[in-house]
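Student: If it helps, the file is called model02.cif and holds mmCIF, C-alpha atoms and all ligand atoms:
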data_target
loop_
_atom_site.label_atom_id
_atom_site.label_comp_id
_atom_site.auth_asym_id
_atom_site.auth_seq_id
_atom_site.Cartn_x
_atom_site.Cartn_y
_atom_site.Cartn_z
CA MET A 1 86.85 135.70 88.64
CA PRO A 2 84.67 135.36 85.52
CA GLN A 3 81.88 132.80 85.85
CA ILE A 4 82.77 129.76 83.78
CA TRP A 5 81.47 126.18 83.76
CA ASN A 6 84.39 123.79 83.86
CA PHE A 7 83.41 120.51 82.15
CA SER A 8 86.97 119.14 82.11
CA ALA A 9 87.20 115.33 82.07
CA GLY A 10 90.35 115.38 84.16
CA PRO A 11 92.02 116.84 86.02
CA GLY A 12 88.50 117.76 86.88
CA MET A 13 86.72 120.43 88.85
CA LEU A 14 87.11 120.49 92.66
CA PRO A 15 84.75 122.18 95.14
CA HIS A 16 85.35 125.92 95.26
CA SER A 17 85.19 125.95 99.08
CA VAL A 18 87.97 123.33 99.22
CA LEU A 19 90.27 125.39 97.00
CA GLU A 20 89.52 128.46 99.07
CA ALA A 21 90.24 126.67 102.35
CA ALA A 22 93.54 125.38 100.93
CA GLN A 23 94.47 128.87 99.73
CA LYS A 24 93.74 130.37 103.12
CA GLU A 25 96.04 128.04 105.03
CA PHE A 26 98.64 127.48 102.32
CA LEU A 27 101.35 129.69 103.80
CA ASP A 28 100.76 128.81 107.43
CA TYR A 29 99.27 125.38 107.99
CA ARG A 30 97.08 125.63 111.09
CA GLY A 31 99.43 127.84 113.06
CA LEU A 32 102.57 125.73 112.49
CA GLY A 33 104.31 128.60 110.67
CA ALA A 34 105.09 126.59 107.52
CA SER A 35 103.15 125.34 104.52
CA ILE A 36 101.85 121.77 104.48
CA VAL A 37 104.12 121.19 101.46
CA GLU A 38 107.20 122.17 103.50
CA MET A 39 106.82 119.60 106.27
CA SER A 40 108.35 116.19 106.81
CA HIS A 41 105.85 113.45 106.13
CA ARG A 42 106.89 111.99 109.48
CA THR A 43 105.37 114.93 111.36
CA HIS A 44 102.13 114.54 113.24
CA ALA A 45 100.38 117.05 110.93
CA VAL A 46 100.93 114.89 107.83
CA GLU A 47 100.27 111.56 109.53
CA ALA A 48 97.02 113.02 110.83
CA ILE A 49 95.94 113.92 107.27
CA VAL A 50 96.49 110.34 106.03
CA GLU A 51 94.65 108.93 109.04
CA SER A 52 91.79 111.37 108.64
CA LEU A 53 91.44 110.70 104.90
CA THR A 54 91.48 106.94 105.48
CA GLU A 55 88.76 107.18 108.12
CA GLU A 56 86.68 109.60 106.03
CA LEU A 57 86.73 107.18 103.09
CA ARG A 58 85.92 104.22 105.33
CA GLY A 59 82.92 106.09 106.65
CA LEU A 60 81.70 107.60 103.36
CA LEU A 61 81.83 104.29 101.48
CA SER A 62 81.10 101.97 104.44
CA ILE A 63 84.31 100.06 103.74
CA PRO A 64 84.41 96.88 105.86
CA GLU A 65 87.32 96.21 108.23
CA GLU A 66 88.67 93.36 106.09
CA PHE A 67 89.64 95.92 103.43
CA GLU A 68 92.89 97.88 103.59
CA ILE A 69 92.85 101.47 102.31
CA PHE A 70 96.14 102.88 101.05
CA PHE A 71 97.52 105.52 98.69
CA THR A 72 100.06 105.14 95.90
CA GLN A 73 101.62 107.31 93.19
CA GLY A 74 102.14 106.94 89.45
CA GLY A 75 98.52 107.55 88.43
CA GLY A 76 96.02 105.20 86.89
CA ARG A 77 98.38 103.71 84.36
CA THR A 78 100.80 102.54 87.03
CA GLN A 79 97.90 100.74 88.71
CA PHE A 80 97.25 98.97 85.38
CA ALA A 81 100.59 97.23 86.06
CA MET A 82 100.28 96.91 89.84
CA VAL A 83 97.01 94.98 89.58
CA PRO A 84 98.50 92.04 87.63
CA ALA A 85 101.82 92.31 89.52
CA ASN A 86 100.01 91.72 92.80
CA LEU A 87 97.23 89.36 91.73
CA LEU A 88 98.29 87.19 88.77
CA ARG A 89 100.35 84.57 90.66
CA GLY A 90 100.78 82.43 87.56
CA LYS A 91 97.11 82.53 86.59
CA THR A 92 95.26 84.58 83.94
CA GLY A 93 93.71 88.03 84.30
CA ALA A 94 90.21 88.21 82.75
CA TYR A 95 89.31 91.65 81.41
CA LEU A 96 85.96 93.16 80.48
CA VAL A 97 86.90 95.66 77.79
CA THR A 98 84.30 98.41 77.48
CA GLY A 99 86.39 101.35 76.30
CA LEU A 100 89.80 103.00 76.16
CA TRP A 101 90.82 102.57 79.80
CA SER A 102 89.98 98.90 80.24
CA ALA A 103 91.66 98.18 76.89
CA ALA A 104 94.81 99.97 78.08
CA ALA A 105 94.71 98.05 81.38
CA LEU A 106 94.57 94.74 79.47
CA GLU A 107 97.53 95.68 77.28
CA GLU A 108 99.57 96.62 80.34
CA ALA A 109 98.68 93.34 82.10
CA LYS A 110 99.98 91.40 79.09
CA ARG A 111 103.41 92.89 79.72
CA ILE A 112 103.37 91.39 83.21
CA GLY A 113 101.85 87.95 82.56
CA ARG A 114 98.86 86.17 81.04
CA ALA A 115 95.75 88.26 80.49
CA GLU A 116 92.88 88.15 78.04
CA ALA A 117 89.61 89.86 77.18
CA ALA A 118 86.65 87.83 78.44
CA ALA A 119 84.34 90.34 76.73
CA ARG A 120 84.64 93.30 74.40
CA THR A 121 81.78 95.73 73.97
CA THR A 122 81.41 99.11 72.31
CA GLY A 123 78.92 101.59 73.74
CA ASP A 124 77.52 99.07 76.23
CA VAL A 125 78.50 96.80 79.13
CA PRO A 126 78.67 93.02 78.70
CA ASP A 127 76.20 90.57 80.12
CA THR A 128 78.45 88.52 82.40
CA SER A 129 75.99 85.68 82.98
CA ASP A 130 77.02 83.78 79.85
CA LEU A 131 80.69 84.61 79.27
CA SER A 132 83.39 82.01 78.76
CA TRP A 133 86.04 82.80 81.34
CA PRO A 134 89.68 81.74 81.08
CA GLU A 135 90.39 78.35 82.69
CA ASP A 136 92.27 79.69 85.69
CA PRO A 137 91.21 83.31 86.25
CA ALA A 138 93.26 85.19 88.83
CA TYR A 139 90.73 88.02 88.85
CA VAL A 140 88.07 89.72 86.75
CA TYR A 141 88.89 93.31 85.90
CA TYR A 142 86.52 96.04 84.75
CA CYS A 143 86.45 99.83 84.44
CA ASP A 144 83.31 101.00 86.26
CA ASN A 145 83.10 104.20 84.25
CA GLU A 146 84.85 104.62 80.91
CA THR A 147 85.77 108.29 81.04
CA VAL A 148 86.39 108.67 77.30
CA HIS A 149 83.49 106.58 75.96
CA GLY A 150 80.92 107.48 78.62
CA VAL A 151 80.07 103.84 79.41
CA GLU A 152 79.25 103.10 83.05
CA PHE A 153 78.25 99.79 84.63
CA PRO A 154 74.75 100.17 86.10
CA ALA A 155 75.72 97.46 88.64
CA PRO A 156 78.96 95.52 89.21
CA PRO A 157 79.54 92.60 86.82
CA THR A 158 79.51 89.05 88.17
CA ALA A 159 82.81 87.17 88.48
CA PRO A 160 82.99 83.38 88.70
CA GLU A 161 82.59 82.02 92.24
CA GLY A 162 85.67 82.74 94.37
CA VAL A 163 87.40 84.95 91.79
CA PRO A 164 88.07 88.49 93.02
CA LEU A 165 86.52 91.35 91.09
CA VAL A 166 88.83 94.35 90.50
CA ALA A 167 87.39 97.76 89.57
CA ASP A 168 88.97 100.91 88.19
CA MET A 169 86.72 103.66 89.57
CA SER A 170 88.97 106.59 88.66
CA SER A 171 86.21 108.73 87.20
CA ASN A 172 83.23 107.76 89.36
CA PHE A 173 84.83 107.25 92.78
CA LEU A 174 82.74 108.91 95.52
CA THR A 175 79.78 109.35 93.15
CA ARG A 176 77.78 106.38 94.48
CA PRO A 177 77.94 103.63 97.11
CA ILE A 178 80.10 100.54 96.40
CA ASP A 179 78.96 96.96 97.06
CA TRP A 180 81.96 95.50 98.91
CA SER A 181 80.55 91.99 98.95
CA ARG A 182 81.10 91.93 95.18
CA HIS A 183 84.64 93.37 95.04
CA GLY A 184 88.16 92.23 95.92
CA VAL A 185 89.91 95.46 94.93
CA VAL A 186 88.67 98.93 94.01
CA TRP A 187 91.11 101.61 92.98
CA ALA A 188 90.87 105.17 91.68
CA ALA A 189 93.29 107.78 90.40
CA ALA A 190 92.38 111.02 92.17
CA GLN A 191 92.49 113.66 89.46
CA LYS A 192 89.07 113.09 87.93
CA ASN A 193 86.96 113.70 90.98
CA PHE A 194 88.67 114.07 94.33
CA ALA A 195 92.19 115.56 94.34
CA PRO A 196 94.95 116.88 92.07
CA ALA A 197 96.88 114.36 89.93
CA GLY A 198 99.58 112.29 91.61
CA LEU A 199 97.50 110.28 94.06
CA THR A 200 95.80 106.91 93.67
CA VAL A 201 93.63 105.22 96.30
CA VAL A 202 93.62 101.41 96.48
CA ILE A 203 91.05 99.58 98.59
CA ALA A 204 91.96 95.89 98.75
CA ARG A 205 90.69 92.90 100.70
CA ARG A 206 93.45 91.98 103.12
CA ASP A 207 93.66 88.32 102.04
CA LEU A 208 94.54 89.47 98.49
CA LEU A 209 97.71 91.26 99.60
CA GLY A 210 101.20 89.74 99.70
CA GLY A 211 101.31 87.99 96.31
CA LEU A 212 103.66 90.28 94.38
CA LEU A 213 105.30 88.42 91.49
CA PRO A 214 109.08 87.98 91.77
CA HIS A 215 111.29 90.41 89.82
CA MET A 216 108.78 93.23 90.30
CA PRO A 217 109.90 96.56 91.76
CA SER A 218 109.33 96.57 95.51
CA MET A 219 107.39 99.83 95.07
CA PHE A 220 104.75 97.79 93.19
CA ASP A 221 103.93 95.79 96.33
CA TRP A 222 100.47 96.72 97.63
CA SER A 223 101.21 95.04 100.97
CA LEU A 224 104.12 97.46 101.50
CA TYR A 225 101.73 100.43 101.30
CA ALA A 226 99.26 98.77 103.64
CA ARG A 227 101.99 97.94 106.16
CA GLU A 228 103.67 101.36 106.01
CA LYS A 229 100.40 103.30 106.23
CA SER A 230 100.87 104.63 102.67
CA MET A 231 104.37 105.94 103.47
CA PRO A 232 106.98 103.48 102.19
CA ASN A 233 108.53 106.65 100.76
CA THR A 234 107.56 110.32 100.66
CA PRO A 235 103.87 110.47 99.78
CA PRO A 236 102.21 113.24 97.71
CA VAL A 237 101.34 115.31 100.76
CA PHE A 238 99.50 118.13 98.98
CA GLN A 239 97.25 115.67 97.11
CA LEU A 240 96.46 113.78 100.32
CA TYR A 241 95.64 117.06 102.02
CA ILE A 242 93.23 118.16 99.27
CA ALA A 243 91.67 114.69 99.14
CA ASP A 244 90.96 114.90 102.86
CA LEU A 245 89.29 118.30 102.43
CA VAL A 246 87.22 116.91 99.53
CA ALA A 247 86.14 113.87 101.57
CA LYS A 248 84.99 116.19 104.39
CA TRP A 249 83.13 118.29 101.81
CA VAL A 250 81.35 115.19 100.47
CA ARG A 251 80.30 114.24 104.01
CA ALA A 252 79.02 117.77 104.71
CA GLU A 253 77.04 117.71 101.45
CA GLY A 254 75.19 114.56 102.45
CA GLY A 255 77.62 111.74 101.59
CA VAL A 256 77.84 109.47 98.55
CA GLU A 257 74.07 108.87 98.39
CA ALA A 258 73.63 112.61 97.85
CA MET A 259 76.47 112.59 95.28
CA HIS A 260 74.70 109.73 93.46
CA ARG A 261 71.38 111.59 93.38
CA ARG A 262 73.05 114.73 92.04
CA ALA A 263 75.00 112.78 89.42
CA LEU A 264 71.73 111.30 88.15
CA GLU A 265 70.06 114.73 88.07
CA ARG A 266 72.95 116.45 86.32
CA SER A 267 73.37 113.81 83.63
CA ALA A 268 69.60 113.44 83.07
CA LEU A 269 69.45 117.12 82.08
CA LEU A 270 71.91 116.51 79.25
CA TYR A 271 70.53 113.14 78.11
CA GLU A 272 67.04 114.68 77.91
CA ALA A 273 68.31 117.45 75.67
CA LEU A 274 70.19 114.93 73.52
CA ASP A 275 67.20 112.62 73.16
CA GLU A 276 64.94 115.52 72.25
CA ARG A 277 67.02 116.46 69.23
CA PRO A 278 68.21 113.32 67.42
CA ASP A 279 68.25 115.50 64.29
CA LEU A 280 71.10 117.56 65.81
CA TYR A 281 72.89 115.24 68.23
CA GLU A 282 73.96 111.64 68.32
CA THR A 283 74.88 109.42 71.26
CA THR A 284 76.13 105.89 70.74
CA VAL A 285 75.91 104.52 74.28
CA ALA A 286 73.12 102.09 75.21
CA LYS A 287 70.69 103.71 77.64
CA ARG A 288 71.42 101.24 80.44
CA ALA A 289 75.15 102.01 80.23
CA ARG A 290 74.99 105.79 80.00
CA SER A 291 77.55 107.39 82.29
CA ARG A 292 76.32 109.71 85.04
CA VAL A 293 79.61 111.63 84.95
CA ASN A 294 80.94 111.80 81.38
CA VAL A 295 78.47 112.54 78.60
CA PRO A 296 80.03 112.14 75.15
CA PHE A 297 78.04 112.98 72.04
CA ARG A 298 78.43 114.05 68.42
CA LEU A 299 76.87 116.58 66.14
CA ARG A 300 74.94 115.07 63.23
CA ASP A 301 76.81 117.55 61.12
CA PRO A 302 80.47 117.23 62.18
CA GLU A 303 81.35 120.22 59.99
CA ARG A 304 79.75 122.44 62.64
CA LEU A 305 81.89 121.22 65.55
CA ALA A 306 84.15 124.29 65.70
CA ASP A 307 81.06 126.54 65.59
CA PHE A 308 79.37 124.65 68.38
CA ILE A 309 82.48 124.86 70.57
CA ALA A 310 82.94 128.59 69.90
CA ALA A 311 79.27 129.29 70.69
CA GLY A 312 79.53 127.24 73.91
CA GLU A 313 82.63 129.12 74.99
CA ARG A 314 80.82 132.42 74.55
CA GLU A 315 78.28 131.09 77.08
CA GLY A 316 81.10 130.44 79.57
CA PHE A 317 81.42 126.67 78.99
CA ARG A 318 84.95 125.27 79.05
CA GLN A 319 86.74 122.01 78.19
CA PHE A 320 83.86 120.16 76.55
CA ALA A 321 85.58 118.89 73.39
CA GLY A 322 85.70 115.09 73.08
CA HIS A 323 88.83 113.05 73.83
CA ALA A 324 91.35 113.18 70.97
CA SER A 325 90.85 109.44 70.28
CA VAL A 326 87.09 109.73 69.64
CA GLY A 327 86.47 113.38 68.73
CA GLY A 328 83.05 114.97 69.04
CA LEU A 329 82.07 116.46 72.39
CA ARG A 330 82.13 115.40 76.01
CA VAL A 331 80.64 117.12 79.03
CA SER A 332 82.06 115.88 82.33
CA LEU A 333 79.99 116.33 85.46
CA TYR A 334 81.96 115.54 88.59
CA ASN A 335 80.82 115.94 92.20
CA ALA A 336 81.79 119.60 92.43
CA MET A 337 79.67 120.67 89.42
CA PRO A 338 76.55 122.61 90.47
CA LEU A 339 73.27 121.57 88.83
CA GLU A 340 73.20 124.97 87.18
CA GLY A 341 76.11 123.96 84.89
CA PRO A 342 74.37 121.12 83.02
CA ARG A 343 71.05 123.02 83.18
CA ARG A 344 72.60 125.88 81.22
CA PHE A 345 74.38 123.53 78.87
CA ALA A 346 71.10 121.71 78.14
CA GLU A 347 69.44 125.08 77.40
CA PHE A 348 72.30 125.94 75.11
CA MET A 349 71.92 122.62 73.27
CA ARG A 350 68.21 123.23 72.77
CA ALA A 351 68.76 126.74 71.47
CA TRP A 352 71.70 125.95 69.20
CA ARG A 353 70.99 125.95 65.48
CA PRO A 354 73.52 124.68 62.98
C1 LIG B 1 92.20 109.01 83.63
C2 LIG B 1 91.94 107.58 83.83
C3 LIG B 1 92.98 106.64 83.97
C4 LIG B 1 94.45 107.00 83.80
O1 LIG B 1 94.91 107.85 84.75
P1 LIG B 1 96.41 108.45 84.71
O2 LIG B 1 96.59 108.88 86.11
O3 LIG B 1 96.41 109.56 83.71
O4 LIG B 1 97.33 107.33 84.33
C5 LIG B 1 92.65 105.34 84.21
N1 LIG B 1 91.37 104.95 84.31
C6 LIG B 1 90.34 105.81 84.16
C7 LIG B 1 88.95 105.31 84.28
C8 LIG B 1 90.59 107.14 83.93
O5 LIG B 1 89.57 108.00 83.78
#
The structure given in the file should be rewritten as structure tokens.
Ligand SMILES: *Cc1c(COP(=O)(O)O)cnc(C)c1O
Tutor:
Amino acid sequence: MPQIWNFSAGPGMLPHSVLEAAQKEFLDYRGLGASIVEMSHRTHAVEAIVESLTEELRGLLSIPEEFEIFFTQGGGRTQFAMVPANLLRGKTGAYLVTGLWSAAALEEAKRIGRAEAAARTTGDVPDTSDLSWPEDPAYVYYCDNETVHGVEFPAPPTAPEGVPLVADMSSNFLTRPIDWSRHGVVWAAAQKNFAPAGLTVVIARRDLLGGLLPHMPSMFDWSLYAREKSMPNTPPVFQLYIADLVAKWVRAEGGVEAMHRRALERSALLYEALDERPDLYETTVAKRARSRVNVPFRLRDPERLADFIAAGEREGFRQFAGHASVGGLRVSLYNAMPLEGPRRFAEFMRAWRP
């Protein structure tokens, strides 16, 4: 295989050793004579994967017992609807809008019930100490890392006393520890950082389950997934299987503290190169809110974008164009990316001449 550096924002890079392990046992899963994707989800082999993944996540993120961990389908955007469907209960969802994904979550919530933006920021996170919240907030919702805009909360925002905080961690799940005392629900679509697309993990405080609005599809009911151990219907077995291998890989590599340290190191290499050459590159994100996993930037001379991308591809870099909605460039640095990737990219940025 040619050596390339895969900076895809999602589906993102997975550890090479995980893909190799999956390849090795794809035709014959651990001596059972069939592939893992050919087995009933009611077999011990599949149930064991879900149990193992659940326990791995509980251990890696120190998830307290009062939180249920379960897996759903339909990706991130389906969760945009499931959050209000399960939590609104006639009240108002309060959204911190910091980029494309939190804005989309707010729009989806408005289809289900009452929801409003308590703050809107561009290229920064809001200061939640002096916000005016809706009168009867059901929850406060934020996107911990805006994958398109590269805006990441340095610490969880503060919700009003007694109001659960809900976080979309799709692109930075398993990249740092989570403070559970501050959160009611954390969820993440898998395809950015820990499995192929088609799997979403939801981690919800048990007392927040069971409030599904009437007239909602029964498959929207979080409590159903908790009760049925993530199998109210056929689950995405292959995705669960890869996720379990990835979780074991994270543990073997030193856990989420190690992932956090590496994320800081990787992203610092790029931000240093960007800050060194303000004549060539432009970033619009406030320093305190710079993402450790998605680094978007622009060329001062946008006419040279195609040149820059072609030169980068000759160096073996792949998938580093910005999201269609914002343009420019974006380098994504998920857990599986070796330090060597951003190191080379930073060198390339320093050497590039328009
Ligand atoms: C990609 C992404 C989503 C949407 O995920 P889909 O599975 O494509 O619906 C939601 N939130 C964040 C932060 C994302 O990065």
Student: For the contact check between region 178-253 of chain A and region 113-117 of chain A, emit one row per residue of region 178-253 of chain A within 12 Å, containing the shortest atom pair and the distance in Å rounded to one decimal, counting only C-alpha atoms, chain then rising number order, as a tab-separated table.
Tutor:
residue	atom	partner	partner_atom	distance
A:Leu213	CA	A:Gly113	CA	9.6
A:Pro214	CA	A:Gly113	CA	11.7
A:Met216	CA	A:Gly113	CA	11.7
Student: Just give me the gap between CA of Arg343 (chain A) and CA of Leu270 (chain A) in Å, one decimal is fine.
Tutor: 7.7 Å
Student: Could you list, as an MDAnalysis selection string, all residues that come within 8 Å of ligand LIG 1 (chain B)? Count only C-alpha atoms and all ligand atoms.
Tutor: chainID A and resid 9:10 74:80 101:102 143:148 168:171 188:192 197:198 200
Student: Work out how far CA of Trp222 (chain A) is from CA of Leu209 (chain A), in Å to one decimal.
Tutor: 6.4 Å
Student: So that all listed atoms of region 242-259 of chain A fit with 8 Å spare on each side, what axis-aligned box centre and edge lengths in Å, to one decimal, would you give as JSON?
Tutor:
{"center_x": 83.4, "center_y": 113.6, "center_z": 100.0, "size_x": 35.6, "size_y": 25.4, "size_z": 25.4}
Student: Please work out which residues fall within 8 Å of (83.7, 118.6, 93.8), coordinates as given in the file, with only C-alpha atoms counting, and return them as a list in words.
Tutor: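 Neighbouring residues, ordered by chain and number, come to Met13, Leu14, Pro15, His16, Asn193, Phe194, Val246, Val250, Tyr334, Asn335, Ala336 and Met337 of chain A.
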Student: Show me, as a compact mmCIF listing (two decimals) with C-alpha atoms, in the coordinates of the input, the residues that have an atom within 9 Å of Phe70 (chain A) when counting only C-alpha atoms, minus same-chain residues fewer than 2 positions from it.
Tutor:
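Below is the file that was written, result31.txt:
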# COMPACT_ATOMS: atom_id res chain seq x y z
CA VAL A 50 96.49 110.34 106.03
CA THR A 54 91.48 106.94 105.48
CA GLU A 68 92.89 97.88 103.59
CA THR A 72 100.06 105.14 95.90
CA THR A 200 95.80 106.91 93.67
CA VAL A 201 93.63 105.22 96.30
CA VAL A 202 93.62 101.41 96.48
CA ILE A 203 91.05 99.58 98.59
CA ALA A 204 91.96 95.89 98.75
CA TRP A 222 100.47 96.72 97.63
CA TYR A 225 101.73 100.43 101.30
CA ALA A 226 99.26 98.77 103.64
CA LYS A 229 100.40 103.30 106.23
CA SER A 230 100.87 104.63 102.67
Student: Using all atoms listed in the file, can you tell me which of A:Glu161, A:Asp136, A:Glu20, A:Asp244 comes closest to Glu56 (chain A)?
Tutor: A:Asp244
Student: What's the separation between CA of Thr283 (chain A) and CA of Ala103 (chain A), in Å to one decimal place?
Tutor: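 CA of Thr283 (chain A) sits 21.0 Å away from CA of Ala103 (chain A).
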Student: Taking all atoms listed in the file into account, which of A:Val163, A:Met349, A:Ala34, A:Leu299 comes nearest Lys91 (chain A)?
Tutor: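 Residue with the minimum atom-to-atom distance to Lys91 (chain A): A:Val163.
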Student: Find the residues around Ser40 (chain A) up to 10 Å (all atoms listed in the file counted), leave out those fewer than 5 positions away in its own chain, and share them as a ChimeraX atom specification.
Tutor: /A:45-47,234,237
Student: What lies within 12 Å of Gln3 (chain A) using only C-alpha atoms, ignoring chain neighbours under 6 positions off, as a list in words?
Tutor: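 Non-adjacent residues within range: Glu313, Arg314, Glu315, Gly316, Phe317, Arg318, Glu340 and Gly341 of chain A.
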Student: Would you tabulate, counting only C-alpha atoms, all residues of region 80-130 of chain A that have an atom at most 12 Å from an atom of region 178-187 of chain A, showing the closest pair of atoms and their distance in Å to one decimal, sorted by chain then ascending number, as JSON lines?
Tutor:
{"residue": "A:Phe80", "atom": "CA", "partner": "A:Trp187", "partner_atom": "CA", "distance": 10.1}
{"residue": "A:Met82", "atom": "CA", "partner": "A:Trp187", "partner_atom": "CA", "distance": 10.8}
{"residue": "A:Val83", "atom": "CA", "partner": "A:Val185", "partner_atom": "CA", "distance": 8.9}
{"residue": "A:Pro84", "atom": "CA", "partner": "A:Val185", "partner_atom": "CA", "distance": 11.8}
{"residue": "A:Asn86", "atom": "CA", "partner": "A:Val185", "partner_atom": "CA", "distance": 11.0}
{"residue": "A:Leu87", "atom": "CA", "partner": "A:Val185", "partner_atom": "CA", "distance": 10.1}
Student: Could the residues in this selection be saved with C-alpha atoms as an mmCIF file, keeping the file's coordinate frame?
Tutor:
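The resulting file, again-v8.cif, is shown below:
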data_model
loop_
_atom_site.group_PDB
_atom_site.id
_atom_site.type_symbol
_atom_site.label_atom_id
_atom_site.label_comp_id
_atom_site.auth_asym_id
_atom_site.auth_seq_id
_atom_site.Cartn_x
_atom_site.Cartn_y
_atom_site.Cartn_z
ATOM 1 C CA PHE A 80 97.250 98.970 85.380
ATOM 2 C CA MET A 82 100.280 96.910 89.840
ATOM 3 C CA VAL A 83 97.010 94.980 89.580
ATOM 4 C CA PRO A 84 98.500 92.040 87.630
ATOM 5 C CA ASN A 86 100.010 91.720 92.800
ATOM 6 C CA LEU A 87 97.230 89.360 91.730
#
Student: Give me, as an MDAnalysis selection string, all polymer residues having an atom no more than 10 Å from Ile242 (chain A), counting all atoms listed in the file and skipping those fewer than 3 positions away in the same chain.
Tutor: chainID A and resid 14 18:19 21:22 49 53 194:196 237:239 245:248
Student: Calculated over all atoms listed in the file, which of the candidates A:Ser17, A:Asn233, A:Ser8, A:Thr121 has the smallest distance to Ala252 (chain A)?
Tutor: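 Residue with the minimum atom-to-atom distance to Ala252 (chain A): A:Ser17.
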Student: Between A:Tyr141, A:Tyr271, A:Phe153, A:Phe320, which is the closest to Leu305 (chain A) once you count all atoms listed in the file?
Tutor: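 So, comparing all the options, the nearest one is A:Phe320.
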Student: Take the point (75.5, 112.7, 72.6) as written in the file and pick out every residue within 9 Å of it, counting only C-alpha atoms; give the list as a list in words.
Tutor: Leu270, Tyr271, Leu274, Asp275, Pro278, Tyr281, Glu282, Thr283, Thr284, Val285, Val295, Pro296, Phe297, Arg298, Leu299, Gly328, Leu329 and Arg330 of chain A
Student: Mind completing region 109-124 of chain A with N, CA and C atoms? Output as a short mmCIF file (atom, residue, chain, number, x, y, z; two decimals), in the coordinates of the input, please?
Tutor:
data_model
loop_
_atom_site.label_atom_id
_atom_site.label_comp_id
_atom_site.auth_asym_id
_atom_site.auth_seq_id
_atom_site.Cartn_x
_atom_site.Cartn_y
_atom_site.Cartn_z
N ALA A 109 98.62 94.62 81.37
CA ALA A 109 98.68 93.34 82.10
C ALA A 109 99.44 92.30 81.28
N LYS A 110 99.29 92.37 79.95
CA LYS A 110 99.98 91.40 79.09
C LYS A 110 101.49 91.54 79.16
N ARG A 111 101.97 92.70 79.55
CA ARG A 111 103.41 92.89 79.72
C ARG A 111 103.91 92.17 80.97
N ILE A 112 102.99 91.96 81.92
CA ILE A 112 103.37 91.39 83.21
C ILE A 112 103.17 89.87 83.21
N GLY A 113 102.13 89.39 82.54
CA GLY A 113 101.85 87.95 82.56
C GLY A 113 100.73 87.61 81.59
N ARG A 114 99.94 86.58 81.93
CA ARG A 114 98.86 86.17 81.04
C ARG A 114 97.59 86.96 81.36
N ALA A 115 97.00 87.52 80.31
CA ALA A 115 95.75 88.26 80.49
C ALA A 115 94.99 88.24 79.18
N GLU A 116 93.69 88.16 79.26
CA GLU A 116 92.88 88.15 78.04
C GLU A 116 91.55 88.86 78.24
N ALA A 117 90.94 89.23 77.12
CA ALA A 117 89.61 89.86 77.18
C ALA A 117 88.56 88.76 77.27
N ALA A 118 87.75 88.79 78.32
CA ALA A 118 86.65 87.83 78.44
C ALA A 118 85.43 88.39 77.71
N ALA A 119 85.43 89.69 77.49
CA ALA A 119 84.34 90.34 76.73
C ALA A 119 84.87 91.64 76.16
N ARG A 120 84.34 91.99 74.99
CA ARG A 120 84.64 93.30 74.40
C ARG A 120 83.33 93.90 73.92
N THR A 121 83.00 95.06 74.41
CA THR A 121 81.78 95.73 73.97
C THR A 121 82.10 97.17 73.58
N THR A 122 81.27 97.72 72.71
CA THR A 122 81.41 99.11 72.31
C THR A 122 80.09 99.81 72.63
N GLY A 123 80.14 100.85 73.43
CA GLY A 123 78.92 101.59 73.74
C GLY A 123 77.94 100.84 74.62
N ASP A 124 78.40 99.82 75.33
CA ASP A 124 77.52 99.07 76.23
C ASP A 124 78.40 98.28 77.21
#
